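Structure below is model26.cif: mmCIF, C-alpha atoms and all ligand atoms.
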```
data_entry
#
loop_
_atom_site.label_atom_id
_atom_site.label_comp_id
_atom_site.auth_asym_id
_atom_site.auth_seq_id
_atom_site.Cartn_x
_atom_site.Cartn_y
_atom_site.Cartn_z
CA MET T 1144 0.00 0.00 0.00
CA LYS T 1145 1.39 3.39 -0.98
CA HIS T 1146 0.56 6.67 0.73
CA PHE T 1147 1.01 10.13 -0.82
CA ILE T 1148 1.86 12.37 2.12
CA ASN T 1149 5.02 14.26 1.29
CA LEU T 1150 7.12 14.52 -1.87
CA LYS T 1151 10.24 14.10 0.28
CA ASP T 1152 9.25 10.51 1.06
CA ILE T 1153 8.54 9.38 -2.50
CA SER T 1154 11.31 8.33 -4.87
CA SER T 1155 12.14 10.47 -7.91
CA ARG T 1156 11.46 7.41 -10.03
CA ASP T 1157 7.91 7.01 -8.73
CA LEU T 1158 7.19 10.74 -9.05
CA ARG T 1159 8.36 10.68 -12.67
CA LYS T 1160 6.29 7.55 -13.32
CA ILE T 1161 3.19 9.39 -12.08
CA LEU T 1162 3.85 12.31 -14.45
CA VAL T 1163 4.44 10.03 -17.43
CA ASP T 1164 1.11 8.31 -16.76
CA SER T 1165 -0.70 11.67 -16.40
CA LYS T 1166 0.63 12.82 -19.76
CA LYS T 1167 -0.56 9.64 -21.48
CA ARG T 1168 -3.99 9.77 -19.85
CA LYS T 1169 -4.51 13.46 -20.56
CA LYS T 1170 -3.74 12.91 -24.25
CA LEU T 1171 -6.17 10.00 -24.49
CA ARG T 1172 -9.02 12.09 -23.02
CA LYS T 1173 -8.85 14.88 -25.57
CA ASN T 1174 -12.35 14.32 -26.91
CA LEU T 1175 -14.01 13.02 -23.76
CA SER T 1176 -16.28 15.08 -21.54
CA ASN T 1177 -15.77 15.52 -17.79
CA LEU T 1178 -17.61 12.48 -16.52
CA GLU T 1179 -16.75 10.00 -19.25
CA VAL T 1180 -14.63 7.18 -17.87
CA ASP T 1181 -11.10 6.32 -19.08
CA LYS T 1182 -10.81 3.15 -21.13
CA GLY T 1183 -10.56 0.11 -18.86
CA ALA T 1184 -12.06 1.98 -15.85
CA PRO T 1185 -9.02 1.09 -13.70
CA LEU T 1186 -10.64 2.12 -10.40
CA LYS T 1187 -14.06 0.66 -11.08
CA GLY T 1188 -15.83 -0.13 -7.80
CA LYS T 1189 -13.44 1.94 -5.67
CA ILE T 1190 -14.50 4.75 -3.38
CA LEU T 1191 -12.31 7.64 -2.29
CA ILE T 1192 -13.34 9.26 0.99
CA GLN T 1193 -12.38 12.94 1.09
CA MET T 1194 -12.28 14.86 4.35
CA TYR T 1195 -11.74 18.60 4.71
CA GLU T 1196 -10.87 20.41 7.93
CA LYS T 1197 -10.33 23.58 5.90
CA ALA T 1198 -11.88 25.26 2.89
CA SER T 1199 -11.22 23.95 -0.60
CA SER T 1200 -12.57 24.59 -4.09
CA ARG T 1201 -10.03 23.10 -6.49
CA THR T 1202 -8.85 20.10 -4.50
CA ARG T 1203 -12.33 18.73 -3.84
CA LEU T 1204 -13.51 19.26 -7.42
CA SER T 1205 -10.38 17.89 -9.03
CA PHE T 1206 -10.39 14.75 -6.85
CA TYR T 1207 -14.08 14.29 -7.64
CA LEU T 1208 -13.38 14.32 -11.38
CA ALA T 1209 -10.18 12.31 -10.98
CA ILE T 1210 -11.77 9.29 -9.29
CA LYS T 1211 -14.89 9.48 -11.50
CA GLN T 1212 -12.80 9.43 -14.67
CA LEU T 1213 -11.07 6.30 -13.39
CA GLY T 1214 -14.43 4.58 -12.93
CA GLY T 1215 -14.74 5.01 -9.14
CA GLY T 1216 -16.71 7.28 -6.83
CA THR T 1217 -16.17 9.65 -3.94
CA ILE T 1218 -17.85 11.04 -0.88
CA THR T 1219 -16.77 14.29 0.74
CA LEU T 1220 -16.92 14.72 4.51
CA ARG T 1221 -16.48 17.80 6.64
CA SER T 1222 -14.77 16.86 9.87
CA ASN T 1223 -17.14 19.01 11.94
CA GLU T 1224 -20.01 16.76 10.89
CA LEU T 1225 -18.24 13.64 12.17
CA HIS T 1226 -17.91 12.20 15.66
CA LEU T 1227 -14.16 12.68 15.29
CA GLY T 1228 -14.55 16.41 14.70
CA GLN T 1229 -16.92 16.76 17.66
CA GLY T 1230 -14.28 15.10 19.82
CA GLY T 1231 -16.42 12.03 20.51
CA GLU T 1232 -14.43 9.43 18.57
CA SER T 1233 -10.71 8.69 18.35
CA ILE T 1234 -8.56 8.84 15.22
CA ALA T 1235 -7.88 5.12 15.64
CA ASP T 1236 -11.59 4.18 15.52
CA THR T 1237 -12.36 6.68 12.76
CA ALA T 1238 -9.48 5.26 10.71
CA LYS T 1239 -10.86 1.73 11.14
CA ILE T 1240 -14.26 2.90 9.92
CA LEU T 1241 -12.79 4.77 6.94
CA SER T 1242 -10.86 1.61 6.03
CA THR T 1243 -14.01 -0.50 6.35
CA TYR T 1244 -16.19 1.65 4.10
CA GLY T 1245 -13.60 3.15 1.77
CA ASP T 1246 -10.71 2.25 -0.49
CA GLY T 1247 -8.70 5.48 -0.23
CA PHE T 1248 -8.64 8.55 2.02
CA MET T 1249 -7.86 12.10 0.88
CA PHE T 1250 -7.34 14.40 3.84
CA ARG T 1251 -6.93 18.20 4.14
CA THR T 1252 -5.92 19.10 7.64
CA ASP T 1253 -4.39 21.74 9.86
CA SER T 1254 -2.24 19.16 11.64
CA ASP T 1255 0.64 17.15 10.16
CA LYS T 1256 0.53 14.94 13.24
CA LYS T 1257 -3.05 13.95 12.47
CA ILE T 1258 -1.98 12.63 9.07
CA GLU T 1259 0.68 10.51 10.76
CA ASN T 1260 -1.85 9.26 13.32
CA PHE T 1261 -4.32 8.32 10.61
CA LYS T 1262 -1.56 6.57 8.68
CA GLU T 1263 -0.82 4.42 11.69
CA TYR T 1264 -4.37 3.06 11.89
CA LEU T 1265 -5.58 3.09 8.28
CA THR T 1266 -5.43 -0.02 6.15
CA ILE T 1267 -6.14 2.03 3.01
CA PRO T 1268 -3.87 4.64 1.35
CA ILE T 1269 -3.93 8.24 2.57
CA ILE T 1270 -3.33 11.27 0.35
CA ASN T 1271 -2.32 14.62 1.82
CA GLY T 1272 -4.64 17.22 0.28
CA LEU T 1273 -2.78 20.09 2.05
CA SER T 1274 -1.32 20.28 5.53
CA PRO T 1275 0.63 23.01 7.34
CA SER T 1276 3.90 21.58 6.01
CA SER T 1277 3.06 20.56 2.47
CA HIS T 1278 0.75 20.52 -0.53
CA PRO T 1279 2.20 17.64 -2.52
CA THR T 1280 -0.62 16.98 -5.01
CA GLN T 1281 -0.57 20.66 -6.00
CA VAL T 1282 3.16 20.82 -6.56
CA LEU T 1283 3.48 17.54 -8.47
CA SER T 1284 0.72 18.79 -10.74
CA ASP T 1285 2.55 22.11 -11.13
CA ILE T 1286 5.69 20.28 -12.32
CA PHE T 1287 3.46 18.66 -14.94
CA THR T 1288 2.12 22.07 -16.02
CA VAL T 1289 5.59 23.60 -16.29
CA GLU T 1290 6.85 20.73 -18.47
CA GLU T 1291 3.68 20.78 -20.58
CA ILE T 1292 4.02 24.50 -21.33
CA LYS T 1293 7.79 24.68 -21.63
CA LYS T 1294 8.07 21.35 -23.47
CA LYS T 1295 11.24 20.63 -21.53
CA THR T 1296 12.15 18.59 -18.51
CA ILE T 1297 12.02 20.84 -15.46
CA SER T 1298 15.68 20.11 -14.61
CA LYS T 1299 16.62 22.35 -17.54
CA LEU T 1300 14.65 25.32 -16.21
CA LYS T 1301 15.14 28.03 -13.63
CA ILE T 1302 12.18 28.18 -11.28
CA CYS T 1303 11.50 31.17 -9.07
CA TRP T 1304 9.18 31.55 -6.10
CA ILE T 1305 8.23 35.02 -4.93
CA GLY T 1306 6.28 34.91 -1.70
CA ASP T 1307 5.82 33.41 1.72
CA SER T 1308 7.64 30.32 3.00
CA ASN T 1309 4.56 28.16 3.33
CA ASN T 1310 3.29 24.64 2.66
CA VAL T 1311 3.32 25.06 -1.13
CA LEU T 1312 6.91 26.35 -1.10
CA ASP T 1313 7.99 23.47 1.16
CA SER T 1314 6.67 21.01 -1.40
CA LEU T 1315 8.29 22.99 -4.23
CA ILE T 1316 11.61 22.80 -2.39
CA ALA T 1317 11.16 19.04 -2.01
CA ALA T 1318 10.37 18.85 -5.73
CA SER T 1319 13.52 20.85 -6.60
CA VAL T 1320 15.56 18.09 -4.97
CA LYS T 1321 13.54 15.20 -6.41
CA PHE T 1322 13.50 16.63 -9.95
CA SER T 1323 16.89 18.44 -9.77
CA PHE T 1324 15.86 21.92 -10.82
CA LYS T 1325 17.27 25.28 -9.83
CA LEU T 1326 15.00 27.10 -7.40
CA SER T 1327 15.42 30.73 -6.37
CA ILE T 1328 13.24 32.18 -3.65
CA GLY T 1329 12.43 35.85 -3.11
CA CYS T 1330 11.00 36.81 0.30
CA PRO T 1331 11.67 39.14 3.22
CA LYS T 1332 14.40 37.95 5.61
CA LYS T 1333 11.88 37.29 8.36
CA PHE T 1334 9.88 34.93 6.13
CA GLU T 1335 12.67 32.76 4.74
CA PRO T 1336 12.29 28.95 4.73
CA GLY T 1337 12.99 27.39 8.13
CA ASN T 1338 16.02 25.36 9.16
CA LYS T 1339 14.22 22.02 8.98
CA VAL T 1340 13.64 22.23 5.22
CA ARG T 1341 17.01 23.92 4.58
CA ASN T 1342 18.87 21.18 6.44
CA TRP T 1343 16.96 18.53 4.49
CA VAL T 1344 18.10 20.16 1.23
CA LYS T 1345 21.71 20.21 2.47
CA LYS T 1346 21.51 16.59 3.58
CA ASN T 1347 20.49 15.73 0.05
CA ASN T 1348 23.51 17.62 -1.33
CA LYS T 1349 21.36 20.19 -3.10
CA LYS T 1350 21.08 23.95 -2.91
CA ILE T 1351 18.28 26.49 -2.96
CA TYR T 1352 18.93 30.16 -3.60
CA ILE T 1353 17.29 32.64 -1.23
CA TYR T 1354 17.19 36.40 -1.86
CA ASN T 1355 15.58 39.21 0.09
CA ASN T 1356 15.31 41.15 -3.14
CA PRO T 1357 12.60 39.97 -5.58
CA LYS T 1358 14.51 41.22 -8.65
CA LYS T 1359 17.52 39.08 -7.81
CA ALA T 1360 15.31 36.04 -7.31
CA ALA T 1361 13.49 36.62 -10.62
CA LEU T 1362 16.66 37.14 -12.64
CA GLY T 1363 16.70 34.80 -15.66
CA ALA T 1364 13.69 32.81 -14.44
CA ASP T 1365 11.66 30.56 -16.78
CA VAL T 1366 8.77 30.34 -14.34
CA ILE T 1367 7.62 32.60 -11.51
CA PHE T 1368 5.42 30.97 -8.89
CA SER T 1369 3.54 32.66 -6.11
CA ASP T 1370 0.88 32.02 -3.45
CA LYS T 1371 -1.06 34.04 -0.90
CA VAL T 1372 0.98 35.89 1.70
CA ILE T 1373 -1.52 34.78 4.35
CA SER T 1374 -2.21 31.04 4.31
CA MET T 1375 -5.17 29.33 5.94
CA ASN T 1376 -3.10 28.22 8.95
CA ASP T 1377 -1.39 31.60 9.39
CA LYS T 1378 -1.92 33.01 12.85
CA VAL T 1379 0.08 36.22 12.36
CA ASN T 1380 -0.69 39.90 12.41
CA LYS T 1381 -2.09 39.90 8.89
CA LYS T 1382 -1.82 43.61 8.16
CA ASN T 1383 1.77 43.70 9.31
CA LYS T 1384 2.79 40.67 7.28
CA ILE T 1385 1.17 42.01 4.10
CA LEU T 1386 3.05 45.27 4.62
CA GLN T 1387 6.35 43.43 4.85
CA PHE T 1388 5.66 41.77 1.48
CA LYS T 1389 4.82 45.07 -0.23
CA LYS T 1390 8.08 45.16 -2.21
CA PHE T 1391 7.50 41.58 -3.37
CA LYS T 1392 4.35 42.21 -5.37
CA ILE T 1393 4.52 40.57 -8.79
CA ASP T 1394 4.01 42.97 -11.67
CA LYS T 1395 5.23 43.76 -15.18
CA LYS T 1396 8.32 45.53 -13.81
CA LEU T 1397 9.45 42.43 -11.93
CA PHE T 1398 8.92 40.26 -15.01
CA ARG T 1399 11.51 42.38 -16.88
CA TYR T 1400 14.20 40.62 -14.82
CA ALA T 1401 13.00 37.17 -15.85
CA LYS T 1402 13.44 35.50 -19.26
CA LYS T 1403 11.31 37.01 -22.02
CA ASN T 1404 9.12 33.91 -22.25
CA CYS T 1405 8.83 33.48 -18.48
CA ILE T 1406 5.41 32.20 -17.36
CA PHE T 1407 3.43 32.88 -14.19
CA LEU T 1408 1.83 30.16 -12.07
CA HIS T 1409 -0.24 30.37 -8.88
CA CYS T 1410 -2.04 27.56 -7.05
CA LEU T 1411 -4.99 29.81 -6.11
CA PRO T 1412 -6.81 31.24 -4.25
CA ARG T 1413 -4.98 34.55 -4.73
CA GLY T 1414 -4.56 37.61 -2.55
CA ASN T 1415 -2.71 40.85 -3.32
CA GLU T 1416 0.67 39.27 -4.09
CA VAL T 1417 0.22 39.67 -7.87
CA ASP T 1418 -1.46 42.39 -9.89
CA ASP T 1419 -4.28 41.75 -12.36
CA GLU T 1420 -2.16 42.67 -15.35
CA ILE T 1421 0.09 39.65 -14.72
CA PHE T 1422 -2.50 37.30 -13.21
CA LEU T 1423 -4.98 37.79 -16.06
CA GLY T 1424 -2.38 38.46 -18.74
CA LYS T 1425 -0.69 36.33 -21.41
CA LYS T 1426 2.13 35.12 -19.19
CA SER T 1427 -0.27 33.57 -16.73
CA HIS T 1428 -1.32 29.91 -17.10
CA VAL T 1429 -3.18 29.57 -13.82
CA TRP T 1430 -6.39 28.07 -15.25
CA GLN T 1431 -4.54 25.39 -17.18
CA GLN T 1432 -2.56 24.78 -13.97
CA ALA T 1433 -5.76 24.31 -11.97
CA LEU T 1434 -7.28 21.88 -14.47
CA ASN T 1435 -4.12 19.79 -14.66
CA ARG T 1436 -4.69 18.76 -11.08
CA VAL T 1437 -7.39 16.38 -12.32
CA HIS T 1438 -4.96 14.65 -14.66
CA VAL T 1439 -2.08 14.34 -12.22
CA GLN T 1440 -4.26 13.30 -9.28
CA LYS T 1441 -5.65 10.45 -11.39
CA SER T 1442 -2.15 9.03 -11.66
CA ILE T 1443 -1.52 9.71 -7.96
CA LEU T 1444 -4.65 7.66 -7.19
CA LEU T 1445 -3.43 4.85 -9.45
CA TYR T 1446 -0.04 4.96 -7.70
CA CYS T 1447 -1.73 4.65 -4.30
CA PHE T 1448 -3.99 1.83 -5.47
CA GLY T 1449 -1.00 -0.05 -6.91
CA LYS T 1450 -2.35 0.28 -10.42
CA LEU T 1451 0.23 2.50 -12.07
CA ARG T 1452 1.46 0.78 -15.19
N1 LIG D 1 -4.92 25.19 -4.83
C1 LIG D 1 -5.78 24.61 -3.99
O1 LIG D 1 -5.47 23.63 -3.31
O2 LIG D 1 -7.02 25.16 -3.99
P1 LIG D 1 -8.20 24.85 -2.97
O3 LIG D 1 -7.76 25.38 -1.62
O4 LIG D 1 -9.37 25.57 -3.52
O5 LIG D 1 -8.41 23.37 -2.91
N1 LIG D 2 -0.67 28.28 1.18
C1 LIG D 2 -2.08 28.23 0.96
C2 LIG D 2 -2.42 27.29 -0.14
C3 LIG D 2 -3.87 27.22 -0.51
C4 LIG D 2 -4.15 26.24 -1.59
C5 LIG D 2 -2.79 27.84 2.25
O1 LIG D 2 -2.32 26.92 2.94
O2 LIG D 2 -3.79 28.45 2.58
#
```
Mind turning this structure into structure tokens?
Ligand code: CP
Ligand code: NVA
Amino acid sequence: MKHFINLKDISSRDLRKILVDSKKRKKLRKNLSNLEVDKGAPLKGKILIQMYEKASSRTRLSFYLAIKQLGGGTITLRSNELHLGQGGESIADTAKILSTYGDGFMFRTDSDKKIENFKEYLTIPIINGLSPSSHPTQVLSDIFTVEEIKKKTISKLKICWIGDSNNVLDSLIAASVKFSFKLSIGCPKKFEPGNKVRNWVKKNNKKIYIYNNPKKAALGADVIFSDKVISMNDKVNKKNKILQFKKFKIDKKLFRYAKKNCIFLHCLPRGNEVDDEIFLGKKSHVWQQALNRVHVQKSILLYCFGKLR
């Protein structure tokens, strides 16, 4: 049984295998509508239980389509409607029940420890649909989008992140090691990535490049990524933090430092970190990026169910 919790814990070979499968499947679906099932219905009869402790638009919709297109079904639970969420049932018992009724569990949570606890008691695979420390399904899908648009393996590209050191960046850092690409990060000194992730990069004999000047980070970039300055789990003084990121706003002027054909990607939802001219302009591929989550998550599901060819 394979879980999908953190990119750090999955081999580069398996991650690449997932992307190769997504590319094949996406191509084969060109003329199919949303709910038509892939040939062979590889997950026929399987049910994915999704549980959200936090808001989600894209993740819930994309997992819905992903499992449906593989011939299976899904049910979405909000933890506050469960005995677990009300505090009346343990993780161990809930995990047993999920494993009895379901075949896979997709979980968005505000606690990394909870994922580990569930993993201990589940007898079905668990997928991390965003936690405080990572957003692995998003970032693997973003690697797919970059390679699809650039028509190059990501190891040949310079990737730049302008923004907060959050869960999405942590997964992007993990991806930079797994897929060997150059990653430069632009953020205020106070919001640089923490020692835990930096030491992990060092231990893996890789390097990330951190600048407190957005222009330096964007220099020569093929892709500029960003995300909200204030994440769902952020318990900071919001006004103050936004003020500290003022110089890091992504606009046309910043793009002048990147390569001419540099693209913009953002996982969404957005805040004020990018202006409309860039976000809605030609360089932005955010809608294609969002839709690709369906294709990549299908292959993640197949990986977890041991059905990846
Ligand atoms: N990008 C992303 O995960 O979006 P949602 O929070 O809407 O799921
Ligand atoms: N960093 C953001 C990502 C949302 C998809 C958050 O955790 O809120």
ask   = Quick one: residues within 9 Å of segment 1305-1309 of chain T, only C-alpha atoms counted, chain neighbours fewer than 5 positions away excluded, as a PyMOL selection string?
value = chain T and resi 1275-1277+1314+1327-1331+1334-1337+1357+1360-1361+1367-1374+1388+1391-1393+1416
Per residue of chain T within 8 Å of ligand LIG 1 (chain D), what are the shortest atom pair and its distance in Å to one decimal, counting all atoms listed in the file, with rows by chain and residue number, as a tab-separated table?
```
residue	atom	partner	partner_atom	distance
T:Ala1198	CA	D:LIG1	O3	6.1
T:Ser1199	CA	D:LIG1	O5	3.7
T:Ser1200	CA	D:LIG1	O4	3.4
T:Arg1201	CA	D:LIG1	O4	3.9
T:Thr1202	CA	D:LIG1	O5	3.7
T:Arg1203	CA	D:LIG1	O5	6.1
T:Leu1204	CA	D:LIG1	O5	8.0
T:Gly1272	CA	D:LIG1	O1	7.4
T:Leu1273	CA	D:LIG1	O1	7.0
T:His1278	CA	D:LIG1	O1	7.5
T:Gln1281	CA	D:LIG1	O1	6.3
T:Cys1410	CA	D:LIG1	N1	4.3
T:Leu1411	CA	D:LIG1	N1	4.8
T:Pro1412	CA	D:LIG1	O2	6.1
T:Ala1433	CA	D:LIG1	N1	7.2
```
message = For Glu1263 of chain T, find every residue with an atom within 12 Å (counting only C-alpha atoms), except residues of its own chain fewer than 2 positions away, and show them as a ChimeraX atom specification.
response = /T:1146,1234-1239,1242,1256-1261,1265-1269
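The nearest approach to ligand LIG 2 (chain D) among the residues T:Lys1402, T:Arg1168, T:Lys1378, T:Lys1173, with all atoms listed in the file taken into account, belongs to T:Lys1378.
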key: Atom-to-atom span, atom CA of Leu1445 of chain T and atom CA of Leu1186 of chain T, Å   = 7.8 Å
key: Nearest-residue call for ligand LIG 2 (chain D), choices T:Thr1243, T:Gln1193, T:Ser1155, T:Thr1280, using all atoms listed in the file   = T:Thr1280
Distance query Lys1396 of chain T at most 12 Å, all atoms listed in the file, self and fewer than 2 positions along chain excluded, as a compact mmCIF listing (two decimals) with C-alpha atoms, keeping the file's coordinate frame:
```
# COMPACT_ATOMS: atom_id res chain seq x y z
CA PRO T 1357 12.60 39.97 -5.58
CA LYS T 1358 14.51 41.22 -8.65
CA ALA T 1361 13.49 36.62 -10.62
CA LEU T 1362 16.66 37.14 -12.64
CA LYS T 1390 8.08 45.16 -2.21
CA PHE T 1391 7.50 41.58 -3.37
CA LYS T 1392 4.35 42.21 -5.37
CA ILE T 1393 4.52 40.57 -8.79
CA ASP T 1394 4.01 42.97 -11.67
CA PHE T 1398 8.92 40.26 -15.01
CA ARG T 1399 11.51 42.38 -16.88
CA TYR T 1400 14.20 40.62 -14.82
CA ALA T 1401 13.00 37.17 -15.85
CA VAL T 1417 0.22 39.67 -7.87
CA ASP T 1418 -1.46 42.39 -9.89
CA GLU T 1420 -2.16 42.67 -15.35
CA ILE T 1421 0.09 39.65 -14.72
```
task = Could you please determine the separation between atom CA of Lys1197 of chain T and atom CA of Met1249 of chain T in Å, to one decimal place?
result = 12.8 Å
Per-axis box centre and lengths in Å around segment 1438-1444 of chain T, 5 Å margin per side, axis-aligned, as lines of an AutoDock Vina configuration file:
```
center_x = -3.6
center_y = 11.2
center_z = -10.9
size_x = 14.1
size_y = 17.0
size_z = 17.5
```
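Of note, atom CA of Val1439 of chain T and atom CA of Pro1185 of chain T are spaced 15.0 Å apart.
With only C-alpha atoms as the atoms that count, the residue of T:Tyr1195, T:Phe1287, T:Phe1448, T:Tyr1354 with the shortest distance to Ser1274 of chain T is T:Tyr1195.
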Nearest-residue call for ligand LIG 2 (chain D), choices T:Val1282, T:Leu1451, T:Val1320, T:Ile1351, using all atoms listed in the file =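 Counting all atoms listed in the file, the residue closest to ligand LIG 2 (chain D) is T:Val1282.
Among the candidate residues T:Met1375, T:Leu1162, T:Leu1178, T:Val1366, the one lying nearest to ligand LIG 2 (chain D) is T:Met1375, with distances computed using only C-alpha atoms and all ligand atoms.
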key: Phe1147 of chain T surroundings by only C-alpha atoms, 8 Å radius, close-in-sequence under 5 positions cut, as a VMD selection string   = chain T and resid 1153 1268 to 1271 1279 1443 1447
query = Hey, which of T:Asn1435, T:Asn1310, T:Asn1338, T:Gln1440 ends up closest to Lys1170 of chain T? Count only C-alpha atoms.
reply = T:Asn1435
Shell around Ala1317 of chain T at 7 Å using all atoms listed in the file, local window under 4 positions removed, as number ranges by chain = T: 1150-1151, 1313, 1321
